[in-house]
Structures are given as C-alpha cells and as structure tokens.
>>> print(open('coords09.txt').read())   # compact mmCIF, C-alpha atoms
# COMPACT_ATOMS: atom_id res chain seq x y z
CA MET A 1 53.99 31.06 -6.43
CA ALA A 2 55.26 32.83 -3.31
CA ASN A 3 55.94 29.47 -1.66
CA PHE A 4 58.00 28.34 -4.65
CA LYS A 5 60.03 31.53 -4.43
CA VAL A 6 60.64 31.04 -0.71
CA TYR A 7 61.66 27.41 -1.18
CA GLY A 8 63.91 28.39 -4.08
CA THR A 9 65.63 31.00 -1.92
CA VAL A 10 66.04 28.53 0.95
CA LEU A 11 67.44 25.89 -1.42
CA GLY A 12 69.96 28.39 -2.76
CA LEU A 13 71.13 29.17 0.78
CA PHE A 14 71.31 25.45 1.64
CA TRP A 15 73.53 24.62 -1.31
CA GLN A 16 75.65 27.76 -1.05
CA THR A 17 76.62 26.98 2.54
CA ALA A 18 77.02 23.26 1.82
CA ILE A 19 79.41 23.85 -1.09
CA ALA A 20 81.37 26.44 0.89
CA ALA A 21 81.86 23.89 3.67
CA GLU A 22 82.82 21.08 1.29
CA LEU A 23 85.32 23.19 -0.67
CA GLU A 24 87.43 23.57 2.44
CA TYR A 25 88.68 20.11 1.46
CA ARG A 26 89.45 20.66 -2.23
CA LEU A 27 91.79 17.69 -2.41
CA ASN A 28 88.73 15.48 -1.88
CA PHE A 29 87.42 16.54 -5.28
CA LEU A 30 90.57 15.31 -6.98
CA ILE A 31 90.38 12.05 -5.05
CA ALA A 32 86.71 11.68 -5.97
CA SER A 33 87.51 12.32 -9.63
CA VAL A 34 90.24 9.68 -9.70
CA SER A 35 87.98 7.24 -7.85
CA SER A 36 85.15 7.86 -10.32
CA LEU A 37 87.48 7.34 -13.27
CA VAL A 38 88.81 4.07 -11.84
CA ASN A 39 85.25 2.85 -11.18
CA LEU A 40 84.22 3.74 -14.72
CA ILE A 41 87.22 1.90 -16.18
CA GLY A 42 86.30 -1.12 -14.08
CA SER A 43 82.69 -0.97 -15.30
CA LEU A 44 83.83 -0.66 -18.92
CA PHE A 45 86.15 -3.64 -18.48
CA GLY A 46 83.33 -5.71 -16.98
CA LEU A 47 81.10 -4.83 -19.93
CA PHE A 48 83.92 -5.55 -22.37
CA LEU A 49 84.23 -9.08 -21.00
CA PHE A 50 80.71 -9.79 -22.29
CA TYR A 51 81.31 -8.35 -25.75
CA ARG A 52 84.93 -9.29 -26.48
CA THR A 53 84.00 -12.59 -28.19
CA GLY A 54 81.23 -11.09 -30.34
CA TYR A 55 78.46 -11.92 -27.85
CA GLN A 56 75.86 -9.22 -27.19
CA PHE A 57 72.73 -8.88 -25.09
CA ALA A 58 69.62 -9.41 -27.20
CA GLY A 59 68.97 -6.16 -29.08
CA TRP A 60 71.83 -4.35 -27.38
CA ASP A 61 75.08 -3.88 -29.23
CA TRP A 62 78.21 -2.45 -27.60
CA GLN A 63 77.26 1.19 -28.20
CA ALA A 64 73.72 0.71 -26.86
CA ALA A 65 75.09 -0.99 -23.75
CA LEU A 66 77.38 2.02 -23.25
CA LEU A 67 74.28 4.22 -23.06
CA VAL A 68 72.96 2.12 -20.18
CA LEU A 69 76.31 2.29 -18.40
CA GLY A 70 76.41 6.07 -18.91
CA LEU A 71 72.94 6.47 -17.40
CA PHE A 72 73.94 4.26 -14.48
CA THR A 73 77.06 6.38 -13.89
CA ILE A 74 74.97 9.56 -13.85
CA LEU A 75 72.61 8.05 -11.28
CA GLN A 76 75.61 7.07 -9.16
CA GLY A 77 76.73 10.69 -9.28
CA VAL A 78 73.28 12.00 -8.34
CA ALA A 79 73.18 9.57 -5.41
CA ALA A 80 76.62 10.73 -4.21
CA THR A 81 75.69 14.40 -4.68
CA LEU A 82 72.23 14.46 -3.10
CA PHE A 83 70.89 11.17 -1.76
CA ILE A 84 73.78 9.91 0.34
CA PRO A 85 74.55 13.29 2.02
CA ASN A 86 70.89 13.84 2.87
CA LEU A 87 68.81 10.68 3.03
CA ASN A 88 71.39 8.55 4.80
CA ARG A 89 71.36 11.10 7.65
CA ILE A 90 67.70 10.57 8.50
CA VAL A 91 68.71 7.60 10.66
CA ARG A 92 71.15 9.80 12.58
CA TYR A 93 68.57 12.54 13.11
CA VAL A 94 66.11 10.03 14.58
CA GLU A 95 68.70 8.28 16.74
CA GLN A 96 70.17 11.50 18.17
CA GLY A 97 66.83 13.26 18.57
CA THR A 98 67.85 16.14 16.29
CA LEU A 99 64.87 15.44 14.04
CA ASP A 100 62.94 17.61 16.52
CA PHE A 101 64.76 20.70 15.25
CA VAL A 102 63.88 19.83 11.65
CA LEU A 103 60.20 19.36 12.45
CA LEU A 104 60.07 22.74 14.20
CA LYS A 105 61.28 24.63 11.14
CA PRO A 106 58.62 26.54 9.14
CA ILE A 107 59.26 24.54 5.95
CA SER A 108 58.46 21.03 4.80
CA SER A 109 60.50 18.53 6.80
CA GLN A 110 60.74 16.25 3.75
CA PHE A 111 62.16 19.16 1.72
CA TRP A 112 64.70 19.93 4.44
CA LEU A 113 65.78 16.32 4.89
CA SER A 114 66.04 15.70 1.14
CA LEU A 115 67.90 18.81 -0.02
CA ARG A 116 69.73 20.32 2.96
CA GLN A 117 73.17 19.08 1.88
CA LEU A 118 74.93 19.08 -1.48
CA SER A 119 78.16 17.20 -2.05
CA PRO A 120 80.22 18.09 -5.15
CA TRP A 121 82.09 14.79 -4.94
CA GLY A 122 79.47 13.09 -7.10
CA LEU A 123 79.89 15.57 -9.96
CA PRO A 124 82.75 13.63 -11.64
CA ASP A 125 80.46 10.60 -11.99
CA ILE A 126 77.79 12.80 -13.58
CA ALA A 127 80.35 14.33 -15.96
CA PHE A 128 81.80 10.94 -16.93
CA GLY A 129 78.30 9.52 -17.44
CA VAL A 130 77.31 12.41 -19.71
CA GLY A 131 80.55 12.01 -21.65
CA LEU A 132 79.96 8.28 -22.12
CA ILE A 133 76.43 8.91 -23.38
CA LEU A 134 77.63 11.57 -25.85
CA TYR A 135 80.34 9.21 -27.10
CA ALA A 136 77.91 6.31 -27.57
CA SER A 137 75.29 8.54 -29.18
CA ARG A 138 77.85 9.77 -31.71
CA LEU A 139 78.71 6.19 -32.62
CA LYS A 140 75.00 5.39 -32.99
CA ASN A 141 74.17 8.69 -34.77
CA LEU A 142 71.37 9.43 -32.30
CA SER A 143 69.38 12.63 -32.64
CA LEU A 144 69.34 15.38 -30.03
CA GLY A 145 65.59 14.87 -29.74
CA ASN A 146 66.03 11.25 -28.69
CA LEU A 147 68.76 12.19 -26.25
CA GLY A 148 66.50 14.84 -24.74
CA PHE A 149 63.66 12.32 -24.51
CA GLY A 150 65.96 9.91 -22.70
CA ALA A 151 67.08 12.70 -20.35
CA ILE A 152 63.45 13.32 -19.38
CA LEU A 153 62.98 9.63 -18.59
CA LEU A 154 66.23 9.72 -16.62
CA ALA A 155 64.71 12.53 -14.54
CA PHE A 156 61.67 10.31 -13.91
CA GLY A 157 64.04 7.51 -12.88
CA THR A 158 65.82 9.85 -10.47
CA VAL A 159 62.48 10.66 -8.83
CA ILE A 160 61.74 6.93 -8.55
CA LEU A 161 65.12 6.24 -6.94
CA TYR A 162 64.72 9.21 -4.57
CA SER A 163 61.27 8.09 -3.46
CA LEU A 164 62.41 4.54 -2.68
CA TRP A 165 65.51 5.82 -0.87
CA PHE A 166 63.53 8.33 1.18
CA MET A 167 60.96 5.74 2.26
CA LEU A 168 63.71 3.39 3.38
CA GLY A 169 65.21 6.22 5.40
CA ALA A 170 61.82 6.99 6.93
CA THR A 171 61.54 3.46 8.34
CA SER A 172 64.22 4.50 10.86
CA ILE A 173 61.39 5.98 12.92
CA TRP A 174 60.40 2.38 13.74
CA PHE A 175 63.78 0.69 13.34
CA VAL A 176 66.33 3.21 14.55
CA LYS A 177 69.58 1.44 13.73
CA ILE A 178 69.14 0.60 10.05
CA TYR A 179 72.30 2.19 8.67
CA ASN A 180 72.76 -0.60 6.15
CA VAL A 181 69.24 -0.56 4.72
CA THR A 182 70.12 1.90 1.96
CA GLU A 183 73.10 -0.27 1.07
CA VAL A 184 70.57 -2.91 0.03
CA LEU A 185 69.00 -0.46 -2.40
CA LYS A 186 72.44 0.55 -3.68
CA GLY A 187 73.16 -3.13 -4.22
CA PHE A 188 70.03 -3.49 -6.34
CA LEU A 189 70.99 -0.34 -8.22
CA GLU A 190 74.16 -2.10 -9.36
CA ALA A 191 71.94 -4.24 -11.59
CA GLY A 192 71.30 -1.08 -13.62
CA ARG A 193 74.81 -1.25 -15.10
CA TYR A 194 73.50 -3.58 -17.78
CA PRO A 195 70.33 -3.72 -19.91
CA VAL A 196 67.64 -5.64 -18.10
CA VAL A 197 67.66 -8.29 -20.88
CA ALA A 198 71.06 -9.36 -19.56
CA TYR A 199 69.32 -11.15 -16.70
CA PRO A 200 67.20 -14.33 -16.64
CA ALA A 201 63.45 -13.88 -17.14
CA ILE A 202 62.56 -14.09 -13.44
CA TYR A 203 65.06 -11.33 -12.63
CA ARG A 204 63.72 -9.17 -15.44
CA VAL A 205 60.27 -9.33 -13.87
CA PHE A 206 61.74 -8.54 -10.45
CA PHE A 207 63.80 -5.59 -11.72
CA THR A 208 60.81 -4.19 -13.60
CA PHE A 209 57.78 -4.73 -11.37
CA VAL A 210 59.18 -5.24 -7.84
CA ILE A 211 62.35 -3.15 -7.64
CA PRO A 212 61.97 -0.94 -10.74
CA ILE A 213 65.63 -0.89 -11.81
CA ALA A 214 64.61 -1.10 -15.49
CA PHE A 215 62.96 2.33 -15.19
CA LEU A 216 66.23 3.87 -14.02
CA THR A 217 68.56 2.99 -16.91
CA THR A 218 67.19 0.53 -19.48
CA ILE A 219 64.00 2.42 -20.36
CA PRO A 220 65.73 5.83 -20.70
CA ALA A 221 68.32 4.13 -22.93
CA GLU A 222 65.49 2.66 -25.05
CA ALA A 223 64.14 6.20 -25.44
CA MET A 224 67.53 7.47 -26.58
CA LEU A 225 67.68 4.68 -29.14
CA GLY A 226 64.25 5.73 -30.46
CA ARG A 227 62.55 2.40 -29.85
CA LEU A 228 60.58 2.95 -26.65
CA ASN A 229 56.97 1.82 -26.58
CA PRO A 230 54.77 4.83 -25.57
CA LEU A 231 53.15 2.65 -22.90
CA TRP A 232 56.49 2.50 -21.08
CA LEU A 233 56.66 6.30 -21.15
CA LEU A 234 53.28 6.51 -19.45
CA ALA A 235 54.28 3.79 -16.99
CA ASP A 236 57.51 5.63 -16.15
CA LEU A 237 55.75 8.94 -15.60
CA GLY A 238 52.95 7.32 -13.60
CA LEU A 239 55.38 5.38 -11.41
CA ALA A 240 57.47 8.49 -10.68
CA ILE A 241 54.41 10.55 -9.68
CA ALA A 242 52.89 7.70 -7.66
CA LEU A 243 56.07 6.92 -5.72
CA LEU A 244 56.74 10.60 -5.01
CA TRP A 245 53.22 10.98 -3.62
CA ILE A 246 53.51 7.72 -1.66
CA SER A 247 56.85 8.82 -0.18
CA HIS A 248 55.22 12.03 1.08
CA ARG A 249 52.23 10.21 2.54
CA PHE A 250 54.49 7.55 4.05
CA TRP A 251 56.57 10.24 5.77
CA GLN A 252 53.46 11.88 7.20
CA PHE A 253 52.31 8.46 8.44
CA ALA A 254 55.72 7.66 9.95
CA LEU A 255 55.81 10.94 11.86
CA LYS A 256 52.72 9.86 13.80
CA PHE A 257 54.93 7.24 15.43
CA TYR A 258 57.89 9.51 16.07
CA THR A 259 58.61 10.13 19.74
CA SER A 260 60.19 13.52 20.29
CA ALA A 261 63.48 13.53 22.20
CA SER A 262 62.08 16.31 24.36
CA SER A 263 58.91 14.46 25.35
>>> encode(input="coords09.txt", output="structure tokens")
Amino acid sequence: MANFKVYGTVLGLFWQTAIAAELEYRLNFLIASVSSLVNLIGSLFGLFLFYRTGYQFAGWDWQAALLVLGLFTILQGVAATLFIPNLNRIVRYVEQGTLDFVLLKPISSQFWLSLRQLSPWGLPDIAFGVGLILYASRLKNLSLGNLGFGAILLAFGTVILYSLWFMLGATSIWFVKIYNVTEVLKGFLEAGRYPVVAYPAIYRVFFTFVIPIAFLTTIPAEAMLGRLNPLWLLADLGLAIALLWISHRFWQFALKFYTSASS
C-alpha cells in the first residue's frame, strides 16, 4: 500500500509539472480543439458516405456505427494525451543515452517512461468522443449500465493498445532509429473507425487475432449495445492482463541488451 501511495504522489507531481509546462502555450489548446473538430467532421463524413444510400454494415445501423467512431475518437485522444508524449520518446532516450538517468531512478523505469508526460492537447478528442457516444446512446435508448460496461471494456482496450505501443518502443534498444514504428501501429488503429464487420473476412481475422483492433472499439461498442457474448468479455480481460504482463517482461528482457552510454 505504501508503494501505491508513493507512486500516486510521484504521478501527481509528474502531471502537475507537465501541465504547467504545456499551459505556457495556451493557444495550442485552441488549435488542438479546432483540429480535433475538423478530424471528427471528416470521420463523420467518411462514415456518412457508407450510409447515405441506405447501406449499412451487417448488424450495425448508423447510430451503432457512431458508437464505434466515438470510441475510436476517445482512443485517439488518449494516445495524444499519454502515449505519444511518453512512449514515442523511448527511442530518443536510447539514442541520446539519457535512458541511463531513468534507470538510475528509485522507481520502475516502465512507470517513468509510460507516465512522465501528460499533454492536454488530446483532451478535445476525448471530449468529442464522449459527446458522440452520449448522442448515439440517446438515439439508441441505451442504459447507463450498458454504457458503463462498454467503458470498462474500453479501459481494457486502452491497456491493450498501451502494451503494444510500449513493446514497439522497447525494440529501440536493438533498433535505435525506429521513429516510424509507432506510426505503423497508429495506421492499424485507423481501422478501428469502423465496426470490424466492415472488412473482408480475412481482415476481420487479422484485426481480431493478430492485431487486436476489434478489442479496442468494436467489442466495447457491442457491450454498449447489450449484445456482447460473455466469452468476448473474458477474452478482452485476459488479453489486456496478458499483454500488460508481457510488456513488462519484454522490457526487462530488452534491458539486458541495453548498453549504457556511460559504459
């Protein structure tokens, strides 16, 4: 319990200083908000092109598809708020040798690397995503219980995305200049804009069992709609726990190959 308290205090200090530094550029928040709104309008227009003639993805009407888009928008915001400011810097730490200073600190290096920075510029995406979900849920008359259930699965999906992103960042210990590797994952994440049934069968298998995009948006949306098979709930929880544990073990393994800048 004492360790949790210490880490909680450290996290509070991390984010307090990070926000103070970011708010020196308040105009950026307005720019980020406008950019998020434009991106959302573009996503809605792209989705509208599918539905404008009466066509719909199998089992997914317009309102249900909006839930998926809302979940995707929230994940985009989480990535901009936490993952990009932190995990994309792992490559820089390794290349410049400043990872040494992280490893010498008396706290978990994975904790430090994952949560040191906080960028408020992703908050508009989160807000717009939540708003879109509330709008769609009102049209579908969804219960608060189902929305809460979907939010829990969204949290599992966030852990899954974090774990994959962190492991890709950790490979920089072997391949130092891999700045674009996380862009590949972000590219796959774009598939989460739409329900997984929107893709051909071979892609559905790929986005479920190879790169688990379905667990990020489609399955939480199924939970909100009240039609999720309990087996998928167990699979989602198991995958989140397994990948989080694997990411930790992978980081410990990678560090065995790290050559200190001072050695």
>>> atom_distance(input="coords09.txt", atom1="CA of Lys140 in chain A", atom2="CA of Leu161 in chain A")
27.9 Å
>>> residues_around(input="coords09.txt", residues="Phe50 in chain A", least_positions_apart="4", cutoff="12 Å", atoms="all atoms listed in the file", output="list in words")
Ser43, Leu44, Phe45, Gly46, Gly54, Tyr55, Gln56, Phe57, Trp60, Asp61, Trp62, Ala65, Tyr194 and Ala198 of chain A
>>> residues_around(input="coords09.txt", residues="range 224-226 of chain A", least_positions_apart="6", cutoff="7 Å", atoms="all atoms listed in the file", output="short mmCIF file (atom, residue, chain, number, x, y, z; two decimals) with C-alpha atoms, in the coordinates of the input")
data_model
loop_
_atom_site.label_atom_id
_atom_site.label_comp_id
_atom_site.auth_asym_id
_atom_site.auth_seq_id
_atom_site.Cartn_x
_atom_site.Cartn_y
_atom_site.Cartn_z
CA LEU A 142 71.37 9.43 -32.30
CA ASN A 146 66.03 11.25 -28.69
CA LEU A 147 68.76 12.19 -26.25
CA PHE A 149 63.66 12.32 -24.51
CA GLY A 150 65.96 9.91 -22.70
#
>>> residues_around(input="coords09.txt", residues="range 73-76 of chain A", least_positions_apart="3", cutoff="6 Å", atoms="all atoms listed in the file", output="JSON, numbers by chain")
{"A": [70, 79, 125, 126, 129]}
>>> closest_residue(input="coords09.txt", among="A:Ile246, A:Met167, A:Val34, A:Ile219", to="Asn88 in chain A", atoms="all atoms listed in the file")
A:Met167
>>> closest_residue(input="coords09.txt", among="A:Lys5, A:Arg249, A:Arg204, A:Arg26", to="Trp121 in chain A", atoms="all atoms listed in the file")
A:Arg26
>>> residues_near_point(input="coords09.txt", point="(59.4, 13.0, 19.4)", cutoff="12 Å", atoms="all atoms listed in the file", output="VMD selection string")
chain A and resid 93 to 104 173 254 to 263
>>> atom_distance(input="coords09.txt", atom1="CA of Ser33 in chain A", atom2="CA of Leu164 in chain A")
27.2 Å
>>> residues_around(input="coords09.txt", residues="Leu66 in chain A", least_positions_apart="2", cutoff="8 Å", atoms="only C-alpha atoms", output="ChimeraX atom specification")
/A:62-64,68-70,132-133,136
>>> atom_distance(input="coords09.txt", atom1="CA of Leu40 in chain A", atom2="CA of Phe128 in chain A")
7.9 Å
>>> closest_residue(input="coords09.txt", among="A:Leu228, A:Leu216, A:Val130, A:Leu23", to="Gly157 in chain A", atoms="all atoms listed in the file")
A:Leu216
>>> closest_residue(input="coords09.txt", among="A:Ala80, A:Ala20, A:Ile107, A:Ile213", to="Val6 in chain A", atoms="only C-alpha atoms")
A:Ile107
>>> decode(input="coords09.txt", residues="range 36-80 of chain A", atoms="N, CA and C atoms", output="tab-separated table (two decimals), in the first residue's frame")
chain	number	residue	atom	x	y	z
A	36	SER	N	-9.13	18.76	-33.79
A	36	SER	CA	-9.92	17.60	-33.41
A	36	SER	C	-11.32	17.66	-34.01
A	37	LEU	N	-11.92	18.85	-33.99
A	37	LEU	CA	-13.26	19.02	-34.55
A	37	LEU	C	-13.26	18.75	-36.05
A	38	VAL	N	-12.26	19.27	-36.75
A	38	VAL	CA	-12.17	19.05	-38.20
A	38	VAL	C	-11.98	17.57	-38.50
A	39	ASN	N	-11.12	16.89	-37.72
A	39	ASN	CA	-10.91	15.46	-37.92
A	39	ASN	C	-12.20	14.67	-37.69
A	40	LEU	N	-12.95	15.07	-36.65
A	40	LEU	CA	-14.20	14.37	-36.36
A	40	LEU	C	-15.21	14.58	-37.48
A	41	ILE	N	-15.29	15.80	-37.99
A	41	ILE	CA	-16.21	16.07	-39.10
A	41	ILE	C	-15.82	15.23	-40.31
A	42	GLY	N	-14.51	15.13	-40.56
A	42	GLY	CA	-14.05	14.29	-41.67
A	42	GLY	C	-14.40	12.83	-41.48
A	43	SER	N	-14.26	12.33	-40.24
A	43	SER	CA	-14.61	10.94	-39.95
A	43	SER	C	-16.11	10.70	-40.12
A	44	LEU	N	-16.91	11.66	-39.64
A	44	LEU	CA	-18.36	11.54	-39.78
A	44	LEU	C	-18.77	11.55	-41.26
A	45	PHE	N	-18.11	12.39	-42.04
A	45	PHE	CA	-18.41	12.44	-43.47
A	45	PHE	C	-18.05	11.12	-44.15
A	46	GLY	N	-16.89	10.56	-43.78
A	46	GLY	CA	-16.49	9.28	-44.34
A	46	GLY	C	-17.48	8.18	-44.00
A	47	LEU	N	-17.97	8.19	-42.76
A	47	LEU	CA	-18.97	7.20	-42.35
A	47	LEU	C	-20.29	7.44	-43.07
A	48	PHE	N	-20.64	8.71	-43.24
A	48	PHE	CA	-21.89	9.06	-43.92
A	48	PHE	C	-21.91	8.55	-45.36
A	49	LEU	N	-20.74	8.53	-46.00
A	49	LEU	CA	-20.68	8.06	-47.38
A	49	LEU	C	-21.13	6.61	-47.51
A	50	PHE	N	-20.89	5.81	-46.44
A	50	PHE	CA	-21.34	4.42	-46.47
A	50	PHE	C	-22.86	4.33	-46.32
A	51	TYR	N	-23.42	5.19	-45.48
A	51	TYR	CA	-24.82	5.04	-45.08
A	51	TYR	C	-25.80	5.90	-45.87
A	52	ARG	N	-25.31	6.80	-46.69
A	52	ARG	CA	-26.20	7.77	-47.34
A	52	ARG	C	-27.20	7.13	-48.29
A	53	THR	N	-26.89	5.96	-48.84
A	53	THR	CA	-27.80	5.30	-49.79
A	53	THR	C	-28.65	4.21	-49.12
A	54	GLY	N	-28.62	4.15	-47.79
A	54	GLY	CA	-29.38	3.12	-47.09
A	54	GLY	C	-28.58	1.88	-46.76
A	55	TYR	N	-27.33	1.81	-47.26
A	55	TYR	CA	-26.46	0.68	-46.95
A	55	TYR	C	-26.03	0.75	-45.48
A	56	GLN	N	-25.85	-0.40	-44.85
A	56	GLN	CA	-25.29	-0.43	-43.51
A	56	GLN	C	-24.47	-1.69	-43.32
A	57	PHE	N	-23.45	-1.59	-42.45
A	57	PHE	CA	-22.66	-2.77	-42.12
A	57	PHE	C	-23.57	-3.77	-41.42
A	58	ALA	N	-23.32	-5.04	-41.65
A	58	ALA	CA	-24.19	-6.09	-41.13
A	58	ALA	C	-24.34	-5.98	-39.61
A	59	GLY	N	-25.57	-5.71	-39.16
A	59	GLY	CA	-25.85	-5.60	-37.73
A	59	GLY	C	-25.49	-4.27	-37.11
A	60	TRP	N	-25.07	-3.32	-37.94
A	60	TRP	CA	-24.64	-2.02	-37.42
A	60	TRP	C	-25.35	-0.91	-38.17
A	61	ASP	N	-26.37	-0.35	-37.54
A	61	ASP	CA	-27.03	0.80	-38.14
A	61	ASP	C	-26.19	2.06	-37.89
A	62	TRP	N	-26.69	3.20	-38.38
A	62	TRP	CA	-25.94	4.46	-38.28
A	62	TRP	C	-25.57	4.80	-36.84
A	63	GLN	N	-26.53	4.66	-35.92
A	63	GLN	CA	-26.28	5.03	-34.53
A	63	GLN	C	-25.24	4.11	-33.88
A	64	ALA	N	-25.32	2.81	-34.20
A	64	ALA	CA	-24.35	1.86	-33.65
A	64	ALA	C	-22.95	2.16	-34.19
A	65	ALA	N	-22.87	2.51	-35.46
A	65	ALA	CA	-21.57	2.85	-36.05
A	65	ALA	C	-20.99	4.11	-35.41
A	66	LEU	N	-21.88	5.03	-34.99
A	66	LEU	CA	-21.41	6.23	-34.30
A	66	LEU	C	-20.75	5.89	-32.97
A	67	LEU	N	-21.25	4.85	-32.31
A	67	LEU	CA	-20.62	4.41	-31.05
A	67	LEU	C	-19.18	3.99	-31.30
A	68	VAL	N	-18.96	3.23	-32.37
A	68	VAL	CA	-17.60	2.79	-32.70
A	68	VAL	C	-16.71	3.98	-32.99
A	69	LEU	N	-17.22	4.93	-33.76
A	69	LEU	CA	-16.44	6.12	-34.08
A	69	LEU	C	-16.13	6.93	-32.83
A	70	GLY	N	-17.10	7.02	-31.90
A	70	GLY	CA	-16.86	7.72	-30.64
A	70	GLY	C	-15.78	7.07	-29.82
A	71	LEU	N	-15.80	5.74	-29.74
A	71	LEU	CA	-14.76	5.01	-29.01
A	71	LEU	C	-13.39	5.22	-29.66
A	72	PHE	N	-13.36	5.18	-30.98
A	72	PHE	CA	-12.11	5.42	-31.71
A	72	PHE	C	-11.57	6.82	-31.41
A	73	THR	N	-12.45	7.81	-31.38
A	73	THR	CA	-12.04	9.19	-31.11
A	73	THR	C	-11.47	9.33	-29.71
A	74	ILE	N	-12.09	8.64	-28.74
A	74	ILE	CA	-11.55	8.66	-27.37
A	74	ILE	C	-10.15	8.06	-27.34
A	75	LEU	N	-9.96	6.94	-28.01
A	75	LEU	CA	-8.64	6.31	-28.03
A	75	LEU	C	-7.60	7.21	-28.69
A	76	GLN	N	-8.01	7.92	-29.73
A	76	GLN	CA	-7.11	8.90	-30.34
A	76	GLN	C	-6.68	9.95	-29.32
A	77	GLY	N	-7.65	10.40	-28.53
A	77	GLY	CA	-7.34	11.40	-27.51
A	77	GLY	C	-6.41	10.87	-26.43
A	78	VAL	N	-6.64	9.63	-26.00
A	78	VAL	CA	-5.77	9.00	-25.00
A	78	VAL	C	-4.36	8.87	-25.55
A	79	ALA	N	-4.25	8.48	-26.82
A	79	ALA	CA	-2.93	8.34	-27.44
A	79	ALA	C	-2.21	9.69	-27.48
A	80	ALA	N	-2.94	10.75	-27.84
A	80	ALA	CA	-2.33	12.08	-27.91
A	80	ALA	C	-1.99	12.62	-26.53
